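K.L.:
My structure is stored as structure18.cif, with mmCIF, C-alpha atoms.
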data_data
loop_
_atom_site.label_atom_id
_atom_site.label_comp_id
_atom_site.auth_asym_id
_atom_site.auth_seq_id
_atom_site.Cartn_x
_atom_site.Cartn_y
_atom_site.Cartn_z
CA ALA X 526 -12.68 11.43 0.86
CA GLN X 527 -10.40 8.99 -0.86
CA THR X 528 -9.34 5.75 0.79
CA VAL X 529 -6.63 3.26 -0.11
CA THR X 530 -6.75 -0.38 0.99
CA GLN X 531 -3.91 -2.88 1.00
CA SER X 532 -5.33 -6.21 2.10
CA GLN X 533 -2.03 -8.08 2.44
CA PRO X 534 -0.16 -7.09 5.63
CA GLU X 535 2.71 -9.40 4.68
CA MET X 536 3.88 -11.30 1.61
CA SER X 537 6.76 -13.70 1.16
CA VAL X 538 8.44 -14.73 -2.10
CA GLN X 539 11.46 -16.77 -3.11
CA GLU X 540 14.35 -14.89 -4.63
CA ALA X 541 14.06 -14.69 -8.44
CA GLU X 542 10.32 -15.41 -8.31
CA THR X 543 7.47 -13.04 -9.14
CA VAL X 544 5.16 -11.50 -6.56
CA THR X 545 2.07 -9.30 -6.86
CA LEU X 546 0.99 -6.82 -4.21
CA SER X 547 -2.64 -5.74 -4.16
CA CYS X 548 -4.15 -2.30 -3.75
CA THR X 549 -7.68 -1.00 -4.12
CA TYR X 550 -8.90 2.54 -3.71
CA ASP X 551 -12.09 4.47 -3.51
CA THR X 552 -12.65 7.81 -5.19
CA SER X 553 -15.33 9.74 -7.02
CA GLU X 554 -12.79 11.55 -9.18
CA SER X 555 -11.98 10.61 -12.75
CA ASP X 556 -8.48 12.06 -12.91
CA TYR X 557 -5.85 11.26 -10.30
CA TYR X 558 -2.43 9.70 -9.76
CA LEU X 559 -1.51 6.41 -8.15
CA PHE X 560 1.87 5.48 -6.72
CA TRP X 561 3.76 2.63 -5.19
CA TYR X 562 6.38 3.63 -2.65
CA LYS X 563 8.97 1.38 -1.03
CA GLN X 564 10.19 1.92 2.54
CA PRO X 565 13.28 -0.13 3.43
CA PRO X 566 14.64 -0.34 7.00
CA SER X 567 16.42 2.96 6.38
CA ARG X 568 12.89 4.44 6.63
CA GLN X 569 13.17 6.63 3.53
CA MET X 570 10.17 6.36 1.24
CA ILE X 571 11.31 5.73 -2.32
CA LEU X 572 9.04 6.05 -5.33
CA VAL X 573 8.82 2.77 -7.22
CA ILE X 574 6.30 3.53 -9.93
CA ARG X 575 3.60 6.04 -10.88
CA GLN X 576 0.40 5.75 -12.89
CA GLU X 577 -1.75 8.58 -14.28
CA ALA X 578 -5.41 7.61 -14.24
CA TYR X 579 -6.07 9.02 -17.71
CA LYS X 580 -3.49 6.68 -19.22
CA GLN X 581 -4.78 3.25 -20.10
CA GLN X 582 -1.33 1.79 -20.57
CA ASN X 583 0.09 0.17 -17.46
CA ALA X 584 3.28 1.76 -16.14
CA THR X 585 6.51 -0.23 -16.13
CA GLU X 586 9.87 0.46 -14.51
CA ASN X 587 12.40 -2.31 -15.13
CA ARG X 588 11.30 -5.28 -12.97
CA PHE X 589 8.31 -3.39 -11.59
CA SER X 590 5.00 -3.14 -13.38
CA VAL X 591 1.43 -2.35 -12.42
CA ASN X 592 -1.95 -3.71 -13.37
CA PHE X 593 -4.23 -0.68 -13.35
CA GLN X 594 -7.93 -1.50 -13.56
CA LYS X 595 -9.70 1.87 -13.39
CA ALA X 596 -13.25 0.56 -13.40
CA ALA X 597 -12.46 -1.87 -10.61
CA LYS X 598 -10.36 0.77 -8.79
CA SER X 599 -7.54 -1.68 -8.50
CA PHE X 600 -3.81 -0.95 -8.74
CA SER X 601 -1.56 -3.96 -8.14
CA LEU X 602 2.23 -4.03 -8.26
CA LYS X 603 4.10 -6.92 -9.85
CA ILE X 604 7.74 -7.46 -9.00
CA SER X 605 9.54 -9.83 -11.35
CA ASP X 606 12.81 -11.63 -10.61
CA SER X 607 12.63 -10.65 -6.93
CA GLN X 608 15.90 -9.64 -5.33
CA LEU X 609 16.98 -9.51 -1.70
CA GLY X 610 17.13 -5.72 -1.96
CA ASP X 611 13.41 -5.64 -2.71
CA ALA X 612 12.63 -6.57 0.88
CA ALA X 613 10.77 -3.60 2.38
CA MET X 614 7.38 -2.16 3.23
CA TYR X 615 5.44 -1.25 0.11
CA PHE X 616 2.82 1.47 0.21
CA CYS X 617 0.15 2.23 -2.33
CA ALA X 618 -0.78 5.91 -2.50
CA TYR X 619 -3.32 8.15 -4.19
CA ARG X 620 -3.18 11.82 -5.13
CA THR X 621 -5.89 13.96 -6.60
CA THR X 622 -5.15 16.24 -9.54
CA SER X 623 -7.29 19.04 -8.17
CA GLY X 624 -5.91 21.73 -5.87
CA GLY X 625 -3.06 22.55 -8.25
CA GLY X 626 -1.22 19.44 -7.18
CA ALA X 627 -0.60 20.71 -3.65
CA ASP X 628 -2.67 17.98 -2.08
CA GLY X 629 -0.77 15.38 -0.16
CA LEU X 630 -0.85 11.65 -0.65
CA THR X 631 -3.40 9.24 0.79
CA PHE X 632 -1.64 6.02 1.76
CA GLY X 633 -2.65 2.44 2.41
CA LYS X 634 -1.41 0.61 5.50
CA GLY X 635 1.36 -1.10 3.60
CA THR X 636 2.50 -4.62 2.74
CA HIS X 637 5.65 -6.06 4.30
CA LEU X 638 7.49 -7.94 1.56
CA ILE X 639 9.90 -10.68 2.62
CA ILE X 640 12.35 -12.16 0.14
CA GLN X 641 13.43 -15.72 0.91
CA PRO X 642 16.96 -16.52 -0.32
CA GLU U 602 23.48 16.78 -0.13
CA THR U 603 20.65 14.29 -0.42
CA GLY U 604 17.29 15.51 -1.75
CA VAL U 605 15.38 15.87 1.51
CA THR U 606 17.21 15.96 4.83
CA GLN U 607 15.58 15.69 8.23
CA THR U 608 17.14 16.37 11.62
CA PRO U 609 17.36 14.97 14.16
CA ARG U 610 17.02 11.31 13.17
CA HIS U 611 15.97 10.35 16.69
CA LEU U 612 14.41 12.43 19.47
CA VAL U 613 13.30 11.54 22.96
CA MET U 614 11.39 14.22 24.81
CA GLY U 615 9.36 14.61 27.96
CA MET U 616 5.77 15.73 27.85
CA THR U 617 6.66 19.18 29.13
CA ASN U 618 9.53 19.79 26.70
CA LYS U 619 9.59 21.99 23.63
CA LYS U 620 11.50 20.75 20.60
CA SER U 621 11.58 21.29 16.86
CA LEU U 622 11.99 19.01 13.89
CA LYS U 623 13.78 20.37 10.85
CA CYS U 624 13.44 19.49 7.19
CA GLU U 625 15.48 20.86 4.29
CA GLN U 626 15.02 20.10 0.61
CA HIS U 627 17.66 20.65 -2.07
CA LEU U 628 15.45 19.86 -5.06
CA GLY U 629 14.09 23.29 -5.87
CA HIS U 630 10.55 22.20 -5.07
CA ASN U 631 7.77 24.61 -4.12
CA ALA U 632 5.67 22.45 -1.79
CA MET U 633 6.56 20.70 1.46
CA TYR U 634 4.66 18.29 3.68
CA TRP U 635 4.68 16.75 7.14
CA TYR U 636 3.40 13.20 7.57
CA LYS U 637 3.00 11.11 10.72
CA GLN U 638 3.69 7.37 10.53
CA SER U 639 2.41 5.34 13.47
CA ALA U 640 2.63 1.59 13.85
CA LYS U 641 -0.10 -0.33 11.99
CA LYS U 642 -1.72 2.87 10.67
CA PRO U 643 -1.52 4.52 7.26
CA LEU U 644 0.68 7.56 6.93
CA GLU U 645 -1.29 10.60 7.96
CA LEU U 646 -0.87 13.94 6.22
CA MET U 647 -0.44 16.64 8.86
CA PHE U 648 0.47 19.84 7.04
CA VAL U 649 0.99 21.09 3.50
CA TYR U 650 2.83 24.22 2.49
CA SER U 651 2.63 25.32 -1.12
CA LEU U 652 4.60 28.39 -2.18
CA GLU U 653 5.36 28.90 1.52
CA GLU U 654 1.70 29.23 2.45
CA ARG U 655 -0.11 26.64 4.52
CA VAL U 656 -2.84 25.08 2.39
CA GLU U 657 -3.97 22.21 4.56
CA ASN U 658 -4.12 21.37 8.25
CA ASN U 659 -5.78 18.04 8.76
CA SER U 660 -7.21 18.77 12.20
CA VAL U 661 -3.84 18.34 13.83
CA PRO U 662 -3.70 19.22 17.56
CA SER U 663 -2.30 22.65 18.33
CA ARG U 664 0.61 21.10 20.21
CA PHE U 665 2.08 20.64 16.71
CA SER U 666 2.99 23.94 15.07
CA PRO U 667 4.51 24.07 11.57
CA GLU U 668 6.68 26.80 10.16
CA CYS U 669 7.87 27.29 6.59
CA PRO U 670 10.24 30.29 6.43
CA ASN U 671 11.15 29.67 2.77
CA SER U 672 10.59 27.08 0.07
CA SER U 673 13.60 25.01 1.16
CA HIS U 674 12.96 24.72 4.89
CA LEU U 675 10.16 23.32 6.98
CA PHE U 676 9.94 23.01 10.74
CA LEU U 677 7.59 21.23 13.09
CA HIS U 678 7.54 22.79 16.55
CA LEU U 679 6.49 20.45 19.33
CA HIS U 680 5.26 21.31 22.82
CA THR U 681 3.43 19.47 25.61
CA LEU U 682 3.20 16.29 23.57
CA GLN U 683 1.46 13.11 24.67
CA PRO U 684 2.87 9.56 24.59
CA GLU U 685 0.51 8.72 21.71
CA ASP U 686 2.38 11.30 19.62
CA SER U 687 5.35 8.94 19.52
CA ALA U 688 5.82 8.07 15.85
CA LEU U 689 8.00 8.51 12.79
CA TYR U 690 7.59 12.00 11.35
CA LEU U 691 8.32 12.22 7.64
CA CYS U 692 8.92 15.32 5.60
CA ALA U 693 8.37 15.39 1.86
CA SER U 694 8.61 17.88 -0.97
CA SER U 695 7.23 18.12 -4.48
CA GLN U 696 6.85 20.53 -7.37
CA VAL U 697 3.24 21.56 -7.83
CA GLY U 698 1.60 23.03 -10.87
CA ALA U 699 4.01 21.37 -13.28
CA GLY U 700 1.91 18.59 -14.79
CA PRO U 701 2.54 14.91 -14.09
CA ARG U 702 6.12 15.48 -12.99
CA GLY U 703 4.86 17.83 -10.34
CA THR U 704 3.04 15.12 -8.48
CA GLU U 705 6.00 13.05 -7.39
CA ALA U 706 6.85 13.47 -3.70
CA PHE U 707 10.37 12.98 -2.38
CA PHE U 708 10.73 11.97 1.25
CA GLY U 709 13.32 12.41 3.95
CA GLN U 710 14.41 9.59 6.24
CA GLY U 711 12.21 10.77 9.05
CA THR U 712 12.60 11.63 12.71
CA ARG U 713 11.78 8.87 15.16
CA LEU U 714 10.08 10.67 18.05
CA THR U 715 9.53 9.10 21.45
CA VAL U 716 7.52 10.98 24.06
CA VAL U 717 8.13 9.84 27.63
#
Just dump the structure as structure tokens.

P.N.:
Amino acid sequence: AQTVTQSQPEMSVQEAETVTLSCTYDTSESDYYLFWYKQPPSRQMILVIRQEAYKQQNATENRFSVNFQKAAKSFSLKISDSQLGDAAMYFCAYRTTSGGGADGLTFGKGTHLIIQP
Amino acid sequence: ETGVTQTPRHLVMGMTNKKSLKCEQHLGHNAMYWYKQSAKKPLELMFVYSLEERVENNSVPSRFSPECPNSSHLFLHLHTLQPEDSALYLCASSQVGAGPRGTEAFFGQGTRLTVV
């Protein structure tokens, strides 16, 4: 079974600074998907960024980028120019590509990101 | 209409009650999911429906009973729950079998359930 580990229960960063959230995972599969989701106080999980394991290039979405190290099974999220609206719980998640894509996500415990004004 | 809508947003029920959670997706997806989010624990996948058929039941107690009457609606029927079942219940949908785009899950805002 796959596992996802987020070792930072809470992180704090000054507004406009850069912060990196860590995630490691364990799997025996070679093809899979990795995600970062954001959960603000409204409770709705919002997809931040996605990475396909077969792609070597790190995914980027505006101020959000990942550092995907497949051999190390590491998938960190970098948030540049942090904004107050980035304050939320951030979850790292894994999904296998087998099962026709019907498999659900395996989540880490999350990192609470605090933005200091 | 937002992508995935869950009702009610909050629910308080006694251990002997029977209630249902409802989820509706307006995205044309063909798979729907129930997750349980408890404090200080990772989200737990409870049920998966793909093409309206249940494909996974992660050893969830029988006091939770899912129903998927069509690809747009998903229910979670609750009966004789325990206080430890108090949690946030999240519904999600996705499109399976459509390559990379098919793997993205969209979530509702959840139902905060309290069992007293």

K.L.:
What's the 6 Å shell around Gln539 (chain X), counting all atoms listed in the file, without same-chain residues fewer than 2 positions away, as a count of residues only?

P.N.:
3

K.L.:
When the PyMOL selection byres ((chain X) within 9 of (chain U)) is applied to the file above, which residues end up in the set, as a PyMOL selection string?

P.N.:
chain X and resi 558+560+567-572+575+577+616+620+622+625-635

K.L.:
Print the selection's residues with C-alpha atoms to a file, as a compact mmCIF listing (two decimals), in the coordinates of the input.

P.N.:
# COMPACT_ATOMS: atom_id res chain seq x y z
CA TYR X 558 -2.43 9.70 -9.76
CA PHE X 560 1.87 5.48 -6.72
CA SER X 567 16.42 2.96 6.38
CA ARG X 568 12.89 4.44 6.63
CA GLN X 569 13.17 6.63 3.53
CA MET X 570 10.17 6.36 1.24
CA ILE X 571 11.31 5.73 -2.32
CA LEU X 572 9.04 6.05 -5.33
CA ARG X 575 3.60 6.04 -10.88
CA GLU X 577 -1.75 8.58 -14.28
CA PHE X 616 2.82 1.47 0.21
CA ARG X 620 -3.18 11.82 -5.13
CA THR X 622 -5.15 16.24 -9.54
CA GLY X 625 -3.06 22.55 -8.25
CA GLY X 626 -1.22 19.44 -7.18
CA ALA X 627 -0.60 20.71 -3.65
CA ASP X 628 -2.67 17.98 -2.08
CA GLY X 629 -0.77 15.38 -0.16
CA LEU X 630 -0.85 11.65 -0.65
CA THR X 631 -3.40 9.24 0.79
CA PHE X 632 -1.64 6.02 1.76
CA GLY X 633 -2.65 2.44 2.41
CA LYS X 634 -1.41 0.61 5.50
CA GLY X 635 1.36 -1.10 3.60

K.L.:
For Glu535 (chain X), work out the shell of residues within 7 Å, counting only C-alpha atoms and skipping chain neighbours fewer than 2 positions away, then give it as a PyMOL selection string.

P.N.:
chain X and resi 533+537+636-638

K.L.:
Suppose you want the space between CA of His674 (chain U) and CA of Ala618 (chain X); what is it in Å?

P.N.:
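Atom-to-atom, CA of His674 (chain U) to CA of Ala618 (chain X), that is 24.4 Å.
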
K.L.:
Which is closer to Lys637 (chain U) than all the others in U:Val661, U:Leu682, U:Met616, U:Val716, using only C-alpha atoms?

P.N.:
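Smallest distance to Lys637 (chain U) is found for U:Val661.
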
K.L.:
With all atoms listed in the file as the counted atoms, please give the residues lying no more than 10 Å from His680 (chain U), apart from itself and same-chain residues fewer than 6 positions off, as a count of residues only.

P.N.:
12

K.L.:
Where does the PyMOL selection byres ((chain X and resi 590) around 9) land in this file, that is, which residues does it pick, as a list in words?

P.N.:
Ile574, Asn583, Ala584, Thr585, Glu586, Asn587, Arg588, Phe589, Val591, Asn592, Ser601, Leu602, Lys603, Ile604 and Ser605 of chain X

K.L.:
How many Å lie between CA of Asp606 (chain X) and CA of Tyr562 (chain X), rounded to one decimal?

P.N.:
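A separation of 18.4 Å between them.
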
K.L.:
Rounded to one decimal in Å, what is the spacing between CA of His630 (chain U) and CA of Ala578 (chain X)?

P.N.:
23.5 Å

K.L.:
Counting all atoms listed in the file, select every polymer residue within 8 Å of (16.2, 15.2, 16.3) as defined in the file's coordinates, and provide the selection as a list in words.

P.N.:
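Final list of nearby residues, as requested, is Thr608, Pro609, Arg610, His611, Leu612, Ser621, Leu622, Lys623, Thr712, Arg713 and Leu714 of chain U.
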
K.L.:
So that I can check the surroundings of Thr715 (chain U), please list as a list in words every protein, DNA and RNA residue that reaches within 8 Å of it, counting all atoms listed in the file and ignoring chain neighbours fewer than 3 positions away.

P.N.:
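The contact residues come out as Leu612, Val613, Met614, Pro684, Asp686, Ser687 and Ala688 of chain U.
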